[in-house]
Amino acid sequence: MKLKLTWLMTLFMAFVMQLSFAQEKTVTGTVTSAVDGFPLPGVSVIVKGTARGVQTDFDGNYSIKASANETLVFTYVGTKTVEEVVGSRSSINVSMQEDAAVLDEVVVTGYRTQSKATSSVSQVRVTAETIENRPNASFVQTLSGQAPGLNITTSSGQPGGNSLVQLRGVASINGNTEPLFIIDGAPVDEDNFRSLNPQDIASIDILKDAGATAIYGNRGANGVIIIKTRQGNFGEGLKVNYNGYVAYSTLQDNDYNIMDAQDLLRYERLRGNGAGAGNSTGVFNPGAGSPLTDAQIEAAPNFDWTDFFFRTGVTQSHTLSLTSGSDNASQFTSFGFQDTEGVLQDSDLKRFNLRTNVTGKSSNDKFRYGANLSINYSKSNEPNSIGSGAINRNYVLGAYQSVPYISTADYSNGADLLSPLSFTNTPLFLYDRLLTYTRFEEEVKAIGSVNFSYDITDWLTAGVVLSGDYQSEFLTRAEGPESFNAILFGGAENPTSGFQDQQSTRQFAYNQVTSLNFNKTFADKHTVDVGLYTEYFKAHFRTFGYRQNGLDPKTFFPGDGSGFITPANGLFGDFANANILNAGLFSYFASLDYDYDTKYGFSATVRRDASYRFAGSNRWATFYSVSGRWNISNESFMDDSAIDNLKLRASYGTAGNQDIVGLGYFGGPDLTEDFFGTGPGYGNANSIGLAQLGNRSLEWETVTQTNIGIDFGVWNSRLRGAVDVYEKETSDLFQSTPLSATTGVTQQNANTGLLYNRGIDFTVDYDVFKPKTEGGFGMSVGIVGNYNQTELQDIPNTEGEIIGLGRNGGILFEIFSLRYAGVNPANGNLLYLTANGDVTESPDADTDRVWLDKNLTPEWNGSFKVNFDYKNFFLQTQFNYVLGVDRFDNDYAGFINADNVGQFNFSRDILREWTQPGDITDIPSPTATNRNSFGSDRFLRSADYLRLRFASFGYNVPAKFLENTGISNARVYVNGENLITWSEWRGFDAESNGGQRSYPTPRTISVGFELGF
Amino acid sequence: MKKFSKILFVGLLTIVMGCNDAIDIRQPGRLDAQNAFRSVDDLQQGLLSVYNQWDLTPEIAFASNFTDELSVGFDSGGQGFALYDFVLNAGSVAASNFWVRNYRVNNRATLLIEAAANITPEADEQDQYNNILAQVYAIRAYANLELLTYFSPDPTDDTTLAAPVVDFVAPLDYQPLRNTTGEMWDYVNADLNTALSLSNVQSNATFISTDAINAMRARAALTRKDYGTAQTLSSQLLSAYPLANQAQYQAMFLDNDNTEIIFKLERVVNGPYDGQGTTGSVTAGGWAGARFAFVDATLAGSPYFEMDRGLFNLIDTDDVRFDVNIAPTSVINPDYATDPDPVNTDILVIQKYPGSEGRPLMNDLKVFRSSEMLLILAESRVAISNDLTGAATLIKQIRDARLGSAQPLPSYASAQEAYAAILDERRVELCFEGFRYKDLKRIGVAANRGIDRDQTDCTTQSGACTLAASDFRFTLPIPIIEINANAGIGSQQNPGY
């Protein structure tokens, strides 16, 4: 496995090739890994004693000119070197044996690369192999569980929806808590990856400790994720690769035990309210004044609104890539198309991707350049109001809570739903919206970077990387003029209601890094690397949009203006909006790395950083780090040990967070200033009013991190892994400081307080069975884990606690609530505990609340995997686990809210409700006098889970079957995402933090194949 | 390749030189404090922003939901249950809204007063300048009067605690304790006197005029039970603003007639308050009518609150206030008391805010009307001289006007009976205008009246039917949001909380 994990890195190593006039023949062959039989790309093949050499391509093939008396030398990082005399052969296939002693991955640490052995930082790599072919529209979702300390929470099932990415806990309260993402040198928007094709990614490096992140200055506080896309190789022929899959997504299960129509009608009859009691205002009321008979109830229709609003979403994905290279240039080009249907009606994502990556060099190798360009277009239908309580707007509410005795057959048109206007008709309002409402986003996203480097001498290199990230989103939404909502809010005065919005949002970020690198080895053992850098960043944000009120149904079409009605008497007002924001950063920094004989190493970085946000207060900041290592396994006393790799690392340093409001490049651009604004005032006349009270002492948040880690490999790296212990201290937290209302505001955000994240990361892999022969049985297991605990200190008030935030010494966002204590058997009222633990029906809503030591942030998260290989079959599984998450199950609260009778559906749990004195039950009386009086922890539930997050079963077609077909490799597979979840959480998705009535992530099964030509 | 290194060098230089454009950015569209107010016209625009902070919908939402003006409707989505159940504590929205909103108004008004001090008007601007200041002082007085009315346990006892007096732009670390009611009255009255001395417009329906300032003084005097002042001012205003006839009265609530209007806050289509606001919450904002219905003031407009049946029973069907307050689409069931399903068979849709300018539920907010002056005068007559006949004559006067024909002169046997009659008349005349809570607080005990909901309405809810006017919940608690920032004030919490 190790070999496969490392092959890509060799792409970045330079190699030498020259032409000569010797009489030669062409030798070809395939180089494979002895571990798993897979082809090895990037193996260096050199004719011994000459400068002639090539590298194997993606499929392990090479072709080189050599004479019969010459010897080919095959070298590859982490393997034993193989030498083969050419002789009379024209085809030489080689199997490379792993050489644990020289395991030497290349790792990305900051702005430079190092070999794994000489790196002293905490860093994890995820390779293409574990990303490709996964049926997630965004690669971020795929990263879930793949790296220790990386916690990914996806709270929406919208295809390509944003995920929350957090590395080693939560290092900020209001600021950005997500890592910096860099794609091919371009820093990019960390919340928008829906347009990018995951199949283009070659590797993802996750930088965790201060030794690695301090050099990113005031953007590095939450870690850094560096993404490299695929490249071609010099001197290889054209290779064509096709990947395609079809995926089927369905809603995950719930345990709410929702009623069918018969149960619901019987319950309504019992309660004397709703269609069951004959007094519904909804469209279904056969009793018309008298309660339904048993026969009428049995005859009532049963319509499953969950099945109606949620569907099986079908996805198809195709990626075609071409790679080729000449002596001094190489290219990688890929085309992608994906069409994903979300499981919720009216949600989908279609996208086209084009990527072309080019590399080149001068023939003397001194000058090198590269260009990476990706242009993407996507269109997605995205329903809004998800999570809201709007019965006329949130489809998910309709799916979960609608009464099942109403069906789509009861719908005629929107106007008919106006009178009587009944909550019971909720599903019909939403069905009407499904038919009449449009909301889609079109996005063009282009990410490009070019890099140049020039070796001024053999130890001095100058370089520059220029990159840009452009995205243009165009939102169109329209509420049709004949829709229920339009008529409802238009009223008689405005019979041609309805509206159309269009909003254009453009964003461009430019980044430029200029560098000078010095690298020299003295006396064979002392290697010194010094880098000097400047970085310039500028970003621009532009929006423009309008809203047209009043649409003529005869000519209206969503996105078109033919149906616009001329403004009249204020009601059909058209509104335009526009916004400009600019952002910028500038820094200069340096790094120093020293190595002694790959045994001891020391690194240091320092960065001076300026942010536009703090221009009026503290513009410049300094961040630094120091780190060191001891490669114990390289000591002579370890020579005969079973331990073939053992490295001790330590680092300490600071990084900053200048995005203190957590809204991206442009949020809180000038919080240091007092502002007035002009805008509509009394009587809608223009006015001047206070807009912002400035904070004159504003600054960045600083994260100081200490990390100690060990990397190890035992028994020829059959057992291998890493363990890191860390403490992160965030100081100068930007947080709400309560102010007396007499100042005219109730709070101001200021830099105050401390937040700690302390924890441990580990990853361990073990090859239980190594295949003894090619195609033999192989089994490997692995575990990835992170334990993280947050702690707050120096809370900005005298009590040392802020409700909603936490208390000194407590965890972040600790829940503060009344404690629910069950149902009073005497009267069916709810019981609570006072602060002292006494049982009461009437607690003090303020003083009886207590801290519960629970929050939404996991204490443990990670995954374990079990992989099998036999012959050409493979089976991979990944189980994710999350422990220590508690959240309110407000969906359940809705399902047992007795006040909803006659309007919404219930969980069958409500049948246990208290009805007479002496009843011992967990559901209060439907008329309990205090049922709406207090918020409490009654619905607080553990959301810990274990999930079969991913499984893949597939078959690699053996090369012998592909001979003469023109196909060089073929693979078929079946993948599954979110297959099984074990959890006490009763809702649709234990992972989702979306809250009540939100859109859960789906379960997905896909079938795909991959062909290489 | 030498060329390349030169290019690189030049590039490097450019970056080092050109870095300031990345870190010295002024965002477009910013108006800084020193440039905000430079002329009297700027002050006029600032005044419009201060006016815009002034809203009555929280008071309307709170008084109607907490007292006996409304019931939970057939189309309820669960709105306002806690307040209907008399749940009121330091965490309640009512407490934080009344506190924070009025201090915000106080702050914005003070900012403008301080800005005005830096501007010297030209001679021809002096009148405008004075009038701007008159209005700002009056708005500030209104906000502080509201704080005093709701947070002082007894506005007539100068020794009780009210709210902090903040007559300057407080620094952000300011943490005041409560001033006494007497000190707060001094602040309110000083502002009112300043306003009166500067005002040079006698009457204006939608901007504060001398008449509006006097009406505010009358209400303030009533609140303090300074009945002498209340009597003088209210009788002056009543003669200047006679009661409307039936047609004028109906037109007034469609915002088409100002006969009886001393001052109202204008609400216009596409204006800052043109929206639903927060339904079912004291936070309110938006259309006044959206405190009771989501869509419009008809049966089909999703009325989540309806009129309390007890209030309905007080209104004669010939009374113009029946036509104004009750939507014609209402379903009226005379047998509601015995009906097994009164929620669905007796639907009293509130129509006080039917909408205007073509926008359902959006109406101007009537701040001072002459009928209030009449009722202030009636109360003063009872209080000053036990003039029960004088009070009865005034009650007859308003009923004559509302019913459009001469009504019998009522007779009251005692001051308590007279107060009760005045309170009942206020309950009808000023319903859904945010008065009921403070009226009960002021004379509920003297009139032997409290919150008294119709049995049919409250028993179908959780049985919260009555609450005595002496209950501690007729004073709002100091909100948690203030105590969190200002710990000292936490030990000055109002009794009962």
# chains A, B, ... in the order shown; residues from 1 in each chain; ligands from 1

$ residues_around --residues "Ile173 (chain A)" --least-positions-apart "6" --cutoff "12 Å" --atoms "only C-alpha atoms" --output "PyMOL selection string"
chain A and resi 657+659-662+701+730-736+749-756+790-792+795+804-806+811-813

$ write_last_selection --atoms "N, CA and C atoms" --output "compact mmCIF listing (two decimals), in the first residue's frame"
# COMPACT_ATOMS: atom_id res chain seq x y z
N ASN A 657 -5.69 34.20 12.77
CA ASN A 657 -6.97 34.11 12.09
C ASN A 657 -7.45 35.53 11.89
N ASP A 659 -9.78 36.31 9.65
CA ASP A 659 -11.22 36.27 9.31
C ASP A 659 -12.00 36.10 10.60
N ILE A 660 -11.97 37.16 11.43
CA ILE A 660 -12.51 37.02 12.79
C ILE A 660 -14.02 37.03 12.81
N VAL A 661 -14.67 37.42 11.73
CA VAL A 661 -16.13 37.34 11.73
C VAL A 661 -16.62 36.09 11.02
N GLY A 662 -15.72 35.32 10.44
CA GLY A 662 -16.09 34.03 9.86
C GLY A 662 -16.93 34.13 8.61
N GLU A 701 -7.12 36.94 15.76
CA GLU A 701 -7.03 35.93 16.80
C GLU A 701 -5.72 35.17 16.59
N THR A 730 -6.20 29.49 21.63
CA THR A 730 -6.61 30.66 20.86
C THR A 730 -6.73 31.83 21.82
N SER A 731 -5.99 32.88 21.56
CA SER A 731 -6.08 34.06 22.42
C SER A 731 -6.65 35.22 21.61
N ASP A 732 -7.07 36.26 22.31
CA ASP A 732 -7.72 37.41 21.68
C ASP A 732 -8.91 36.97 20.85
N LEU A 733 -9.71 36.07 21.40
CA LEU A 733 -10.90 35.61 20.71
C LEU A 733 -11.80 36.79 20.37
N PHE A 734 -12.27 36.81 19.17
CA PHE A 734 -13.20 37.87 18.76
C PHE A 734 -14.59 37.39 19.14
N GLN A 735 -15.14 37.97 20.17
CA GLN A 735 -16.43 37.47 20.63
C GLN A 735 -17.29 38.58 21.18
N SER A 736 -18.54 38.24 21.28
CA SER A 736 -19.53 39.18 21.74
C SER A 736 -19.28 39.51 23.20
N ASN A 749 -18.53 43.06 19.52
CA ASN A 749 -17.53 42.02 19.43
C ASN A 749 -16.16 42.62 19.66
N ALA A 750 -15.39 41.96 20.50
CA ALA A 750 -14.07 42.46 20.85
C ALA A 750 -13.12 41.28 21.04
N ASN A 751 -11.82 41.56 21.01
CA ASN A 751 -10.82 40.51 21.18
C ASN A 751 -10.61 40.26 22.66
N THR A 752 -11.19 39.18 23.15
CA THR A 752 -11.05 38.88 24.57
C THR A 752 -11.26 37.39 24.80
N GLY A 753 -10.57 36.86 25.80
CA GLY A 753 -10.82 35.48 26.21
C GLY A 753 -9.89 34.48 25.55
N LEU A 754 -9.93 33.28 26.12
CA LEU A 754 -9.05 32.20 25.68
C LEU A 754 -9.89 30.96 25.38
N LEU A 755 -9.45 30.24 24.39
CA LEU A 755 -10.10 28.97 24.07
C LEU A 755 -9.00 27.94 23.84
N TYR A 756 -9.13 26.79 24.51
CA TYR A 756 -8.14 25.73 24.34
C TYR A 756 -8.75 24.56 23.60
N THR A 790 -12.46 20.90 24.27
CA THR A 790 -12.35 22.36 24.28
C THR A 790 -12.46 22.87 25.71
N GLU A 791 -11.84 24.00 25.96
CA GLU A 791 -11.98 24.63 27.27
C GLU A 791 -11.95 26.15 27.11
N LEU A 792 -12.90 26.82 27.72
CA LEU A 792 -12.96 28.28 27.67
C LEU A 792 -12.31 28.88 28.91
N ILE A 795 -13.64 34.49 30.19
CA ILE A 795 -14.88 34.97 29.57
C ILE A 795 -15.12 36.42 30.00
N GLY A 804 -25.10 30.44 26.17
CA GLY A 804 -24.96 30.24 24.73
C GLY A 804 -23.52 30.02 24.33
N LEU A 805 -22.59 30.49 25.17
CA LEU A 805 -21.18 30.33 24.85
C LEU A 805 -20.53 29.30 25.77
N GLY A 806 -20.70 29.49 27.07
CA GLY A 806 -20.10 28.55 28.02
C GLY A 806 -19.60 29.30 29.23
N ILE A 811 -16.67 23.57 28.47
CA ILE A 811 -16.49 23.34 27.04
C ILE A 811 -17.16 24.44 26.23
N LEU A 812 -16.76 24.54 24.99
CA LEU A 812 -17.29 25.58 24.10
C LEU A 812 -18.74 25.28 23.75
N PHE A 813 -19.56 26.31 23.74
CA PHE A 813 -20.99 26.21 23.40
C PHE A 813 -21.71 25.18 24.27

$ closest_atom_pairs --of "chain A" --to "chain B" --cutoff "7 Å" --atoms "only C-alpha atoms" --output "JSON lines"
{"residue": "A:Leu418", "atom": "CA", "partner": "B:Ala300", "partner_atom": "CA", "distance": 6.5}
{"residue": "A:Ser419", "atom": "CA", "partner": "B:Ala300", "partner_atom": "CA", "distance": 5.2}
{"residue": "A:Pro420", "atom": "CA", "partner": "B:Ala300", "partner_atom": "CA", "distance": 5.5}
{"residue": "A:Leu421", "atom": "CA", "partner": "B:Ala300", "partner_atom": "CA", "distance": 5.4}
{"residue": "A:Ser422", "atom": "CA", "partner": "B:Asp75", "partner_atom": "CA", "distance": 6.6}
{"residue": "A:Phe423", "atom": "CA", "partner": "B:Asp75", "partner_atom": "CA", "distance": 6.8}
{"residue": "A:Leu488", "atom": "CA", "partner": "B:Val295", "partner_atom": "CA", "distance": 6.8}
{"residue": "A:Phe489", "atom": "CA", "partner": "B:Val295", "partner_atom": "CA", "distance": 6.2}
{"residue": "A:Glu493", "atom": "CA", "partner": "B:Gly358", "partner_atom": "CA", "distance": 5.5}
{"residue": "A:Thr514", "atom": "CA", "partner": "B:Leu12", "partner_atom": "CA", "distance": 6.7}
{"residue": "A:Tyr536", "atom": "CA", "partner": "B:Cys19", "partner_atom": "CA", "distance": 7.0}
{"residue": "A:Phe537", "atom": "CA", "partner": "B:Ala22", "partner_atom": "CA", "distance": 6.8}
{"residue": "A:Lys538", "atom": "CA", "partner": "B:Ala22", "partner_atom": "CA", "distance": 5.8}
{"residue": "A:Gly570", "atom": "CA", "partner": "B:Val269", "partner_atom": "CA", "distance": 6.2}
{"residue": "A:Ile580", "atom": "CA", "partner": "B:Pro28", "partner_atom": "CA", "distance": 6.8}
{"residue": "A:Leu581", "atom": "CA", "partner": "B:Gln27", "partner_atom": "CA", "distance": 6.0}
{"residue": "A:Asn582", "atom": "CA", "partner": "B:Gln27", "partner_atom": "CA", "distance": 6.7}
{"residue": "A:Ala583", "atom": "CA", "partner": "B:Ala22", "partner_atom": "CA", "distance": 6.8}
{"residue": "A:Gly584", "atom": "CA", "partner": "B:Ala22", "partner_atom": "CA", "distance": 4.1}
{"residue": "A:Leu585", "atom": "CA", "partner": "B:Ala22", "partner_atom": "CA", "distance": 5.4}
{"residue": "A:Phe586", "atom": "CA", "partner": "B:Cys19", "partner_atom": "CA", "distance": 6.2}
{"residue": "A:Ala610", "atom": "CA", "partner": "B:Ile23", "partner_atom": "CA", "distance": 6.5}
{"residue": "A:Ser611", "atom": "CA", "partner": "B:Ile23", "partner_atom": "CA", "distance": 5.6}
{"residue": "A:Tyr612", "atom": "CA", "partner": "B:Ile23", "partner_atom": "CA", "distance": 4.0}
{"residue": "A:Ala615", "atom": "CA", "partner": "B:Asp24", "partner_atom": "CA", "distance": 6.3}
{"residue": "A:Asp674", "atom": "CA", "partner": "B:Ala33", "partner_atom": "CA", "distance": 6.1}
{"residue": "A:Phe675", "atom": "CA", "partner": "B:Asp32", "partner_atom": "CA", "distance": 4.7}
{"residue": "A:Phe676", "atom": "CA", "partner": "B:Leu31", "partner_atom": "CA", "distance": 5.3}
{"residue": "A:Gly677", "atom": "CA", "partner": "B:Leu31", "partner_atom": "CA", "distance": 6.0}
{"residue": "A:Pro680", "atom": "CA", "partner": "B:Pro272", "partner_atom": "CA", "distance": 6.6}
{"residue": "A:Gly681", "atom": "CA", "partner": "B:Ser49", "partner_atom": "CA", "distance": 4.9}
{"residue": "A:Tyr682", "atom": "CA", "partner": "B:Asn52", "partner_atom": "CA", "distance": 4.6}
{"residue": "A:Gly683", "atom": "CA", "partner": "B:Glu266", "partner_atom": "CA", "distance": 5.9}
{"residue": "A:Asn684", "atom": "CA", "partner": "B:Gly271", "partner_atom": "CA", "distance": 4.5}
{"residue": "A:Asn686", "atom": "CA", "partner": "B:Gln45", "partner_atom": "CA", "distance": 6.6}
{"residue": "A:Ser687", "atom": "CA", "partner": "B:Gln45", "partner_atom": "CA", "distance": 4.3}
{"residue": "A:Ile688", "atom": "CA", "partner": "B:Gly46", "partner_atom": "CA", "distance": 4.6}
{"residue": "A:Gly689", "atom": "CA", "partner": "B:Ser49", "partner_atom": "CA", "distance": 5.3}
{"residue": "A:Pro738", "atom": "CA", "partner": "B:Ala485", "partner_atom": "CA", "distance": 4.7}
{"residue": "A:Leu739", "atom": "CA", "partner": "B:Ala485", "partner_atom": "CA", "distance": 4.9}
{"residue": "A:Ser740", "atom": "CA", "partner": "B:Ala485", "partner_atom": "CA", "distance": 5.2}
{"residue": "A:Ala741", "atom": "CA", "partner": "B:Val100", "partner_atom": "CA", "distance": 5.4}
{"residue": "A:Thr742", "atom": "CA", "partner": "B:Tyr103", "partner_atom": "CA", "distance": 5.3}
{"residue": "A:Thr743", "atom": "CA", "partner": "B:Ala170", "partner_atom": "CA", "distance": 5.0}
{"residue": "A:Gly744", "atom": "CA", "partner": "B:Arg104", "partner_atom": "CA", "distance": 4.4}
{"residue": "A:Val745", "atom": "CA", "partner": "B:Arg104", "partner_atom": "CA", "distance": 6.7}
{"residue": "A:Asp846", "atom": "CA", "partner": "B:Gly91", "partner_atom": "CA", "distance": 6.5}
{"residue": "A:Thr927", "atom": "CA", "partner": "B:Ser462", "partner_atom": "CA", "distance": 6.2}
{"residue": "A:Thr929", "atom": "CA", "partner": "B:Ser462", "partner_atom": "CA", "distance": 5.1}
{"residue": "A:Asn932", "atom": "CA", "partner": "B:Ala82", "partner_atom": "CA", "distance": 5.9}
{"residue": "A:Ser933", "atom": "CA", "partner": "B:Ala82", "partner_atom": "CA", "distance": 5.4}

$ write_last_selection --atoms "N, CA and C atoms" --output "compact mmCIF listing (two decimals), in the first residue's frame"
# COMPACT_ATOMS: atom_id res chain seq x y z
N LEU A 418 -56.99 29.14 -0.70
CA LEU A 418 -57.02 30.36 0.09
C LEU A 418 -58.07 30.34 1.17
N SER A 419 -59.22 29.72 0.88
CA SER A 419 -60.29 29.81 1.85
C SER A 419 -61.00 28.48 1.97
N PRO A 420 -61.11 27.94 3.18
CA PRO A 420 -60.47 28.46 4.38
C PRO A 420 -58.97 28.17 4.34
N LEU A 421 -58.25 29.09 4.91
CA LEU A 421 -56.80 28.95 4.94
C LEU A 421 -56.47 28.10 6.16
N SER A 422 -56.13 26.85 5.91
CA SER A 422 -56.00 25.91 7.02
C SER A 422 -54.59 25.35 7.09
N PHE A 423 -54.02 25.33 8.31
CA PHE A 423 -52.69 24.74 8.50
C PHE A 423 -52.68 23.28 8.05
N LEU A 488 -51.93 34.62 -2.03
CA LEU A 488 -52.13 34.81 -0.60
C LEU A 488 -51.61 36.18 -0.15
N PHE A 489 -50.40 36.51 -0.56
CA PHE A 489 -49.82 37.77 -0.08
C PHE A 489 -50.17 38.95 -0.98
N GLU A 493 -56.05 43.45 -3.70
CA GLU A 493 -55.50 44.69 -4.24
C GLU A 493 -54.45 44.43 -5.31
N THR A 514 6.26 35.21 -4.32
CA THR A 514 7.57 35.32 -4.95
C THR A 514 8.59 34.75 -3.98
N TYR A 536 1.29 38.41 -1.82
CA TYR A 536 0.38 39.51 -2.05
C TYR A 536 -0.97 38.91 -2.38
N PHE A 537 -2.00 39.39 -1.73
CA PHE A 537 -3.33 38.85 -1.95
C PHE A 537 -4.32 39.99 -2.09
N LYS A 538 -5.16 39.89 -3.08
CA LYS A 538 -6.18 40.94 -3.26
C LYS A 538 -7.44 40.25 -3.74
N GLY A 570 -47.04 51.89 -5.96
CA GLY A 570 -46.12 51.39 -4.94
C GLY A 570 -46.07 49.88 -4.82
N ILE A 580 -20.19 46.55 -3.49
CA ILE A 580 -18.77 46.40 -3.82
C ILE A 580 -18.00 46.24 -2.52
N LEU A 581 -17.15 45.23 -2.46
CA LEU A 581 -16.23 45.10 -1.34
C LEU A 581 -14.87 44.67 -1.87
N ASN A 582 -13.84 45.11 -1.20
CA ASN A 582 -12.49 44.72 -1.59
C ASN A 582 -11.74 44.24 -0.35
N ALA A 583 -10.79 43.34 -0.57
CA ALA A 583 -10.02 42.82 0.55
C ALA A 583 -8.58 42.63 0.12
N GLY A 584 -7.67 42.68 1.07
CA GLY A 584 -6.28 42.46 0.70
C GLY A 584 -5.39 42.08 1.88
N LEU A 585 -4.31 41.40 1.55
CA LEU A 585 -3.33 40.98 2.55
C LEU A 585 -1.95 41.14 1.93
N PHE A 586 -0.96 41.39 2.77
CA PHE A 586 0.40 41.41 2.26
C PHE A 586 1.31 40.85 3.33
N ALA A 610 0.20 41.52 7.12
CA ALA A 610 -0.70 42.67 7.26
C ALA A 610 -2.04 42.32 6.65
N SER A 611 -3.11 42.73 7.34
CA SER A 611 -4.45 42.49 6.84
C SER A 611 -5.18 43.82 6.71
N TYR A 612 -5.96 43.95 5.64
CA TYR A 612 -6.74 45.18 5.43
C TYR A 612 -7.74 45.38 6.55
N ALA A 615 -6.54 47.76 9.43
CA ALA A 615 -5.80 48.94 9.01
C ALA A 615 -5.94 50.07 10.03
N ASP A 674 -16.35 54.02 13.11
CA ASP A 674 -17.75 54.41 13.34
C ASP A 674 -18.34 54.83 12.00
N PHE A 675 -19.52 54.35 11.73
CA PHE A 675 -20.15 54.75 10.47
C PHE A 675 -21.59 55.16 10.65
N PHE A 676 -21.97 56.11 9.83
CA PHE A 676 -23.37 56.39 9.64
C PHE A 676 -23.74 55.89 8.25
N GLY A 677 -25.01 55.66 8.02
CA GLY A 677 -25.43 55.20 6.71
C GLY A 677 -26.62 56.02 6.24
N PRO A 680 -33.53 54.29 3.72
CA PRO A 680 -34.93 54.64 3.97
C PRO A 680 -35.19 54.83 5.46
N GLY A 681 -35.83 55.93 5.78
CA GLY A 681 -36.19 56.22 7.16
C GLY A 681 -37.69 56.38 7.27
N TYR A 682 -38.08 57.21 8.20
CA TYR A 682 -39.50 57.42 8.50
C TYR A 682 -40.26 57.84 7.24
N GLY A 683 -41.40 57.17 7.01
CA GLY A 683 -42.20 57.48 5.83
C GLY A 683 -41.51 57.11 4.54
N ASN A 684 -40.48 56.28 4.63
CA ASN A 684 -39.69 55.83 3.47
C ASN A 684 -38.92 56.97 2.81
N ASN A 686 -35.50 59.38 2.58
CA ASN A 686 -34.09 59.12 2.81
C ASN A 686 -33.66 59.69 4.17
N SER A 687 -32.79 58.98 4.86
CA SER A 687 -32.41 59.42 6.20
C SER A 687 -30.95 59.07 6.46
N ILE A 688 -30.41 59.65 7.52
CA ILE A 688 -29.04 59.37 7.95
C ILE A 688 -29.10 58.77 9.34
N GLY A 689 -28.57 57.59 9.52
CA GLY A 689 -28.63 56.96 10.82
C GLY A 689 -27.34 56.25 11.16
N PRO A 738 -21.00 41.51 26.15
CA PRO A 738 -22.30 42.16 26.41
C PRO A 738 -22.10 43.60 26.88
N LEU A 739 -22.94 44.48 26.38
CA LEU A 739 -22.89 45.88 26.80
C LEU A 739 -24.25 46.26 27.35
N SER A 740 -24.24 47.16 28.27
CA SER A 740 -25.50 47.68 28.80
C SER A 740 -26.28 48.33 27.67
N ALA A 741 -27.58 48.04 27.60
CA ALA A 741 -28.42 48.60 26.53
C ALA A 741 -28.44 50.12 26.58
N THR A 742 -28.05 50.69 27.72
CA THR A 742 -28.06 52.16 27.83
C THR A 742 -27.03 52.79 26.91
N THR A 743 -26.10 52.00 26.38
CA THR A 743 -25.13 52.53 25.44
C THR A 743 -25.71 52.61 24.03
N GLY A 744 -26.92 52.09 23.86
CA GLY A 744 -27.55 52.12 22.53
C GLY A 744 -27.37 50.82 21.78
N VAL A 745 -26.49 49.94 22.25
CA VAL A 745 -26.33 48.61 21.67
C VAL A 745 -26.26 47.63 22.84
N ASP A 846 -35.06 31.35 34.58
CA ASP A 846 -33.71 31.90 34.54
C ASP A 846 -32.79 31.17 35.51
N THR A 927 -53.12 18.84 27.67
CA THR A 927 -53.56 20.15 28.18
C THR A 927 -52.75 20.56 29.40
N THR A 929 -50.78 22.45 31.91
CA THR A 929 -50.78 23.91 31.93
C THR A 929 -49.41 24.49 31.65
N ASN A 932 -46.14 24.75 27.48
CA ASN A 932 -45.43 25.70 26.61
C ASN A 932 -44.65 26.74 27.41
N SER A 933 -44.47 26.47 28.68
CA SER A 933 -43.93 27.54 29.53
C SER A 933 -42.41 27.60 29.56

$ closest_residue --among "B:Arg381, B:Arg402, B:Arg38, B:Arg369" --to "Gln250 (chain B)" --atoms "only C-alpha atoms"
B:Arg402

$ residues_around --residues "Val823 (chain A)" --least-positions-apart "2" --cutoff "10 Å" --atoms "only C-alpha atoms" --output "list in words"
Tyr820, Ala821, Pro825, Ala826, Asn827, Gly828, Asn829, Leu830, Leu831, Tyr832, Glu841, Glu913, Trp914, Asp919, Ile920, Thr921, Asp922, Ile923, Pro924, Ser925 and Ala928 of chain A

$ closest_residue --among "A:Thr408, A:Val94, A:Glu84, A:Thr118" --to "Thr56 (chain A)" --atoms "only C-alpha atoms"
A:Val94

$ select_by_dssp --residues "region 238-476 of chain A" --states "strand (DSSP E or B)" --output "ChimeraX atom specification"
/A:239-250,258,310,313-325,329-341,344,348-361,367-381,437-457,460-476
